[in-house]
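*Asks:* I'm passing along final.txt; it holds compact mmCIF, C-alpha atoms.
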```txt
# COMPACT_ATOMS: atom_id res chain seq x y z
CA MET E 16 4.88 -18.84 -1.64
CA SER E 17 3.54 -18.93 -5.20
CA LYS E 18 5.64 -19.97 -8.20
CA TRP E 19 5.65 -16.36 -9.43
CA GLU E 20 7.08 -15.17 -6.13
CA ILE E 21 9.80 -17.84 -6.32
CA VAL E 22 10.63 -16.92 -9.91
CA SER E 23 10.74 -13.20 -9.06
CA TYR E 24 13.04 -13.62 -6.08
CA VAL E 25 15.32 -15.99 -7.98
CA ALA E 26 15.52 -13.42 -10.78
CA ILE E 27 16.49 -10.72 -8.28
CA PHE E 28 19.16 -13.01 -6.81
CA VAL E 29 20.61 -13.85 -10.25
CA TYR E 30 20.56 -10.20 -11.32
CA THR E 31 22.33 -9.18 -8.09
CA LEU E 32 24.96 -11.90 -8.56
CA VAL E 33 25.62 -10.75 -12.14
CA MET E 34 26.03 -7.14 -10.99
CA LEU E 35 28.51 -8.19 -8.30
CA LEU E 36 30.51 -10.33 -10.73
CA ASN E 37 30.73 -7.32 -13.04
CA ASP E 38 32.19 -5.20 -10.23
CA GLN E 39 29.21 -2.88 -9.95
CA SER E 40 29.10 -0.45 -7.05
CA ILE E 41 27.91 -2.03 -3.79
CA LEU E 42 25.62 0.96 -3.23
CA LEU E 43 24.10 0.46 -6.67
CA VAL E 44 23.60 -3.25 -6.01
CA LEU E 45 22.02 -2.62 -2.60
CA GLY E 46 19.80 0.12 -4.01
CA THR E 47 18.62 -2.16 -6.80
CA VAL E 48 17.88 -5.00 -4.37
CA VAL E 49 15.95 -2.72 -2.00
CA VAL E 50 13.83 -1.20 -4.78
CA ALA E 51 13.17 -4.61 -6.35
CA GLY E 52 12.27 -6.04 -2.93
CA LEU E 53 9.81 -3.24 -2.26
CA ILE E 54 8.20 -3.78 -5.65
CA MET E 55 7.87 -7.52 -5.03
CA PHE E 56 6.43 -6.91 -1.56
CA SER E 57 3.88 -4.48 -2.99
CA ILE E 58 2.82 -6.90 -5.73
CA PHE E 59 2.72 -10.15 -3.74
CA VAL E 60 1.74 -8.97 -0.23
CA LEU E 61 0.56 -5.37 0.02
CA TYR E 62 -1.75 -5.39 -3.01
CA PRO E 63 -3.71 -8.55 -2.06
CA MET E 64 -3.92 -7.48 1.58
CA VAL E 65 -5.18 -3.97 0.89
CA TRP E 66 -6.68 -3.69 -2.61
CA GLU E 67 -7.55 -7.07 -4.11
CA THR E 68 -11.27 -7.74 -4.66
CA ARG E 69 -11.37 -11.16 -6.34
CA MET E 70 -12.27 -13.84 -3.82
CA ASP E 71 -10.40 -16.62 -5.63
CA ARG E 72 -7.14 -14.65 -5.51
CA LEU E 73 -7.69 -13.61 -1.89
CA GLU E 74 -8.42 -17.22 -0.93
CA ALA E 75 -5.24 -18.45 -2.62
CA PHE E 76 -3.16 -15.65 -1.10
CA LEU E 77 -4.39 -16.21 2.46
CA ARG E 78 -4.12 -20.00 2.34
CA ARG E 79 -0.44 -19.70 1.34
CA LYS E 80 0.39 -17.53 4.38
CA GLN E 81 0.38 -20.13 7.17
CA ASN E 82 3.92 -19.04 8.04
CA ALA E 83 2.81 -15.41 8.38
CA PRO E 84 0.45 -15.42 11.41
CA TYR E 85 -0.49 -11.74 11.08
CA ILE E 86 -1.90 -12.53 7.63
CA TYR E 87 -3.14 -16.09 8.15
CA ILE E 88 -5.29 -15.10 11.14
CA ASN E 89 -7.64 -13.44 8.63
CA TYR E 90 -8.17 -16.75 6.81
CA ALA E 91 -8.58 -18.79 10.00
CA THR E 92 -11.16 -16.46 11.56
CA ALA E 93 -13.09 -15.85 8.33
CA ASN E 94 -13.51 -19.61 7.87
CA ARG E 95 -14.20 -20.33 11.56
CA LEU E 96 -11.26 -22.72 11.86
CA ASP E 97 -11.21 -22.74 15.65
CA GLU E 98 -8.12 -24.90 16.15
CA GLU E 99 -6.08 -22.88 13.65
CA VAL E 100 -7.32 -19.62 15.18
CA GLU E 101 -6.02 -20.75 18.59
CA LEU E 102 -2.63 -21.83 17.21
CA THR E 103 -2.23 -18.64 15.18
CA MET E 104 -3.16 -16.44 18.15
CA GLU E 105 -0.53 -18.19 20.26
CA LYS E 106 2.09 -17.29 17.65
CA LEU E 107 0.91 -13.68 17.48
CA MET E 108 0.89 -13.24 21.26
CA SER E 109 4.32 -14.85 21.66
CA ASN E 110 5.89 -12.43 19.18
CA THR E 111 8.22 -10.36 21.38
CA SER E 112 8.78 -7.74 18.68
CA ALA E 113 5.08 -6.79 18.46
CA SER E 114 3.97 -3.76 20.47
CA LYS E 115 1.39 -3.91 23.25
CA SER E 116 -1.06 -1.95 21.09
CA THR E 117 -0.58 -4.31 18.13
CA LYS E 118 -1.26 -7.32 20.32
CA ALA E 119 -4.34 -5.56 21.70
CA ASN E 120 -5.68 -5.29 18.13
CA TYR E 121 -5.29 -9.05 17.69
CA GLN E 122 -6.90 -9.72 21.07
CA ALA E 123 -9.88 -7.50 20.24
CA ALA E 124 -10.40 -9.34 16.95
CA TYR E 125 -10.07 -12.67 18.77
CA GLY E 126 -12.55 -11.59 21.42
CA ALA E 127 -15.03 -10.49 18.74
CA TYR E 128 -14.57 -13.85 17.00
CA ARG E 129 -15.34 -15.70 20.24
CA LYS E 130 -18.08 -13.22 21.26
CA ASP E 131 -16.05 -12.76 24.44
CA LEU E 132 -16.90 -9.21 25.50
CA PHE E 133 -14.57 -9.31 28.51
CA THR E 134 -11.59 -9.92 26.21
CA VAL E 135 -12.71 -7.23 23.77
CA ARG E 136 -13.15 -4.63 26.53
CA LYS E 137 -9.76 -5.45 28.02
CA ALA E 138 -8.08 -5.19 24.61
CA VAL E 139 -9.81 -1.90 23.76
CA ARG E 140 -8.34 -0.27 26.87
CA GLU E 141 -4.85 -1.12 25.60
CA MET E 142 -5.45 0.00 22.00
CA ARG E 143 -4.36 3.38 20.73
CA LYS E 144 -7.11 5.79 19.73
CA SER E 145 -7.99 4.77 16.20
CA VAL E 146 -10.87 3.76 13.97
CA TYR E 147 -10.29 0.15 15.06
CA ARG E 148 -10.68 1.07 18.72
CA THR E 149 -13.96 2.84 17.93
CA TYR E 150 -15.05 -0.15 15.84
CA TYR E 151 -14.60 -2.58 18.72
CA GLU E 152 -16.17 -0.19 21.24
CA THR E 153 -19.20 -0.06 18.97
CA PHE E 154 -19.16 -3.84 18.60
CA VAL E 155 -19.38 -4.20 22.40
CA LEU E 156 -22.32 -1.78 22.57
CA ILE E 157 -24.16 -3.77 19.90
CA GLU E 158 -23.57 -7.06 21.69
CA GLU E 159 -24.86 -5.51 24.90
CA GLY E 160 -28.03 -4.32 23.17
CA GLU E 161 -27.09 -0.64 23.37
CA THR E 162 -28.08 -0.01 19.76
CA GLU E 163 -28.76 3.72 20.07
CA ARG E 164 -25.40 4.38 21.69
CA ALA E 165 -23.80 2.22 19.02
CA ARG E 166 -25.38 4.36 16.29
CA GLU E 167 -23.92 7.46 17.96
CA HIS E 168 -20.44 5.91 17.81
CA LEU E 169 -20.85 5.23 14.11
CA SER E 170 -20.70 8.95 13.28
CA SER E 171 -16.97 8.98 14.06
CA ILE E 172 -16.15 5.97 11.86
CA LYS E 173 -15.12 7.16 8.41
CA ARG E 174 -14.43 3.80 6.77
CA GLU E 175 -17.54 2.78 4.89
CA TRP E 176 -17.11 -0.98 5.19
CA MET E 177 -16.88 -0.67 8.97
CA ARG E 178 -20.00 1.48 9.21
CA PHE E 179 -22.02 -0.82 6.95
CA ALA E 180 -20.82 -3.94 8.79
CA LEU E 181 -21.77 -2.52 12.18
CA LEU E 182 -25.12 -1.23 10.93
CA ALA E 183 -25.82 -4.67 9.49
CA GLU E 184 -25.06 -6.22 12.87
CA ILE E 185 -27.42 -3.76 14.59
CA GLU E 186 -30.25 -4.62 12.19
CA ARG E 187 -29.57 -8.34 12.51
CA LYS E 188 -29.75 -8.09 16.31
CA LEU E 189 -33.13 -6.36 15.87
CA ASN E 190 -34.29 -9.22 13.59
CA HIS E 191 -34.50 -6.86 10.60
CA TYR E 192 -32.92 -9.40 8.25
CA LYS E 193 -33.73 -7.70 4.96
CA GLU E 194 -32.16 -4.42 6.07
CA ALA E 195 -29.22 -6.29 7.59
CA GLU E 196 -28.61 -8.20 4.38
CA GLU E 197 -28.62 -5.02 2.30
CA LEU E 198 -26.16 -3.33 4.65
CA ALA E 199 -23.92 -6.41 4.73
CA ALA E 200 -23.84 -6.42 0.93
CA GLN E 201 -22.79 -2.76 1.00
CA ALA E 202 -20.04 -3.63 3.48
CA VAL E 203 -18.72 -6.21 1.01
CA GLN E 204 -18.77 -3.75 -1.88
CA ALA E 205 -17.03 -1.04 0.16
CA SER E 206 -14.23 -3.31 1.39
CA ARG E 207 -10.98 -4.38 -0.24
CA GLY E 208 -8.25 -6.90 0.42
CA VAL E 209 -8.47 -9.15 3.48
CA ASN E 210 -11.38 -7.09 4.82
CA ARG E 211 -13.40 -7.92 1.70
CA TYR E 212 -12.63 -11.59 2.20
CA ALA E 213 -13.86 -11.44 5.81
CA MET E 214 -16.98 -9.43 4.90
CA THR E 215 -17.86 -11.84 2.10
CA LYS E 216 -17.51 -14.85 4.39
CA GLU E 217 -19.70 -13.17 7.01
CA TYR E 218 -22.32 -12.37 4.37
CA GLU E 219 -22.36 -15.97 3.17
CA ARG E 220 -22.53 -17.30 6.72
CA TYR E 221 -25.41 -15.20 7.99
CA TYR E 222 -27.52 -14.22 5.03
CA THR E 223 -27.25 -16.99 2.46
CA LYS E 224 -28.23 -19.60 5.05
CA GLU E 225 -31.07 -17.47 6.36
CA GLN E 226 -32.40 -17.01 2.84
CA GLN E 227 -32.34 -20.77 2.28
CA ALA E 228 -34.19 -21.34 5.57
CA GLN E 229 -37.01 -18.98 4.62
```
Rewrite the structure of this file - the entire thing - as structure tokens.

*Replies:*
Amino acid sequence: MSKWEIVSYVAIFVYTLVMLLNDQSILLVLGTVVVAGLIMFSIFVLYPMVWETRMDRLEAFLRRKQNAPYIYINYATANRLDEEVELTMEKLMSNTSASKSTKANYQAAYGAYRKDLFTVRKAVREMRKSVYRTYYETFVLIEEGETERAREHLSSIKREWMRFALLAEIERKLNHYKEAEELAAQAVQASRGVNRYAMTKEYERYYTKEQQAQ
């Protein structure tokens, strides 16, 4: 938790205490706390996860979230921290309050990280119909060399960063590195939040090193 988060939550606590000491309505106090809590959550969690684009802020945000496995898994996988990925996945899978479909999403991401197509296929069958299910179905097709079928799947994916990322992977598999690099760069530009962080790390991993090797 950052110092600004601590200061904000302390301020809310003090403000709530003052309201109670001044015999304010309990409903008013609760309403104020709920609204303030939602605002703080939006500023300190929702915004960086969904909309932030600056890598330094995303890096700092993700590194602070070791106690929030559903967030920290993005940092561990993006940086290829195998041991931390394993530990974080254990926490996610042991969460009894998470639905079967939610756990399937984590398993699909884990399978893609490990290039374990068996795990991805198994997880996809348990996922609800969504853009993420189509994304991982397409990922499997690419890994199996079914590039034409993968391109057909792409027509149903509306999120630009997903389409660009998958197209980049197709071109990379075909050894078309220039086209793959351009598409990967577009995936970065089209993404926001933790997805932008992951796309940027992938770009740096595959294309920067390849450029240096040429």

*Asks:* Compile the contact shell of Ile157 of chain E as a ChimeraX atom specification: residues with an atom at most 9 Å away, counting all atoms listed in the file, same-chain residues fewer than 5 positions apart removed.

*Replies:* /E:152,162-166,181,184-185,188

*Asks:* Given only C-alpha atoms as the basis, pick out the residue of E:Trp66, E:Asp97, E:Tyr150, E:Arg78 nearest to Tyr128 of chain E.

*Replies:*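 Using only C-alpha atoms, Tyr128 of chain E sits closest to E:Asp97.
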
*Asks:* Kindly provide, as a short mmCIF file (atom, residue, chain, number, x, y, z; two decimals) with C-alpha atoms, in the coordinates of the input, the polymer residues lying within 12 Å of (-19.1, -13.7, 6.0), counting all atoms listed in the file and using the coordinates exactly as they appear in the file.

*Replies:*
```cif
data_model
loop_
_atom_site.label_atom_id
_atom_site.label_comp_id
_atom_site.auth_asym_id
_atom_site.auth_seq_id
_atom_site.Cartn_x
_atom_site.Cartn_y
_atom_site.Cartn_z
CA MET E 70 -12.27 -13.84 -3.82
CA ASN E 89 -7.64 -13.44 8.63
CA TYR E 90 -8.17 -16.75 6.81
CA THR E 92 -11.16 -16.46 11.56
CA ALA E 93 -13.09 -15.85 8.33
CA ASN E 94 -13.51 -19.61 7.87
CA ARG E 95 -14.20 -20.33 11.56
CA TYR E 128 -14.57 -13.85 17.00
CA ALA E 180 -20.82 -3.94 8.79
CA ALA E 183 -25.82 -4.67 9.49
CA GLU E 184 -25.06 -6.22 12.87
CA GLU E 196 -28.61 -8.20 4.38
CA ALA E 199 -23.92 -6.41 4.73
CA ALA E 200 -23.84 -6.42 0.93
CA ALA E 202 -20.04 -3.63 3.48
CA VAL E 203 -18.72 -6.21 1.01
CA VAL E 209 -8.47 -9.15 3.48
CA ASN E 210 -11.38 -7.09 4.82
CA ARG E 211 -13.40 -7.92 1.70
CA TYR E 212 -12.63 -11.59 2.20
CA ALA E 213 -13.86 -11.44 5.81
CA MET E 214 -16.98 -9.43 4.90
CA THR E 215 -17.86 -11.84 2.10
CA LYS E 216 -17.51 -14.85 4.39
CA GLU E 217 -19.70 -13.17 7.01
CA TYR E 218 -22.32 -12.37 4.37
CA GLU E 219 -22.36 -15.97 3.17
CA ARG E 220 -22.53 -17.30 6.72
CA TYR E 221 -25.41 -15.20 7.99
CA TYR E 222 -27.52 -14.22 5.03
CA THR E 223 -27.25 -16.99 2.46
CA LYS E 224 -28.23 -19.60 5.05
#
```

*Asks:* Just to confirm, what's the straight-line distance from atom CA of Ile54 of chain E to atom CA of Ser206 of chain E in Å (one decimal)?

*Replies:* 23.5 Å

*Asks:* Atom CA of Val49 of chain E to atom CA of Ser112 of chain E: how many Å, to one decimal?

*Replies:*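 Atom CA of Val49 of chain E sits 22.5 Å away from atom CA of Ser112 of chain E.
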
*Asks:* Residues within 12 Å of Asn120 of chain E, please, as a count of residues only. Count all atoms listed in the file; anything in the same chain fewer than 3 positions from it doesn't count.

*Replies:* 32

*Asks:* So how many Å separate atom CA of Thr153 of chain E and atom CA of Leu132 of chain E, to one decimal?

*Replies:*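 Computing the Euclidean distance for atom CA of Thr153 of chain E and atom CA of Leu132 of chain E yields 11.5 Å.
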
*Asks:* Which centre and edge lengths in Å to one decimal define the box along x, y and z that fits every listed atom of segment 192-203 of chain E plus 3 Å per side, as JSON?

*Replies:*
```
{"center_x": -26.2, "center_y": -6.1, "center_z": 4.6, "size_x": 21.0, "size_y": 12.6, "size_z": 13.3}
```

*Asks:* So which residues touch Ala91 of chain E within 7 Å, counting only C-alpha atoms, skipping near sequence neighbours fewer than 5 positions away, as a list in words?

*Replies:*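 Listed by chain and then number, they are Leu96, Glu99 and Val100 of chain E.
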
*Asks:* Using all atoms listed in the file, pick whichever of E:Phe76, E:Leu182, E:Asn110, E:Asn82 has the shortest atom-to-atom distance to Tyr62 of chain E.

*Replies:*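 Comparing E:Phe76, E:Leu182, E:Asn110, E:Asn82 against Tyr62 of chain E, the winner is E:Phe76.
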
*Asks:* Which residues are near Glu175 of chain E? Cut-off 7 Å, only C-alpha atoms, ignore same chain within fewer than 3 positions. Put them as a ChimeraX atom specification.

*Replies:* /E:178-179,205

*Asks:* For Glu186 of chain E, which of E:Ala75, E:His168, E:Gln204, E:Glu158 is the closest residue, counting only C-alpha atoms?

*Replies:* E:Glu158
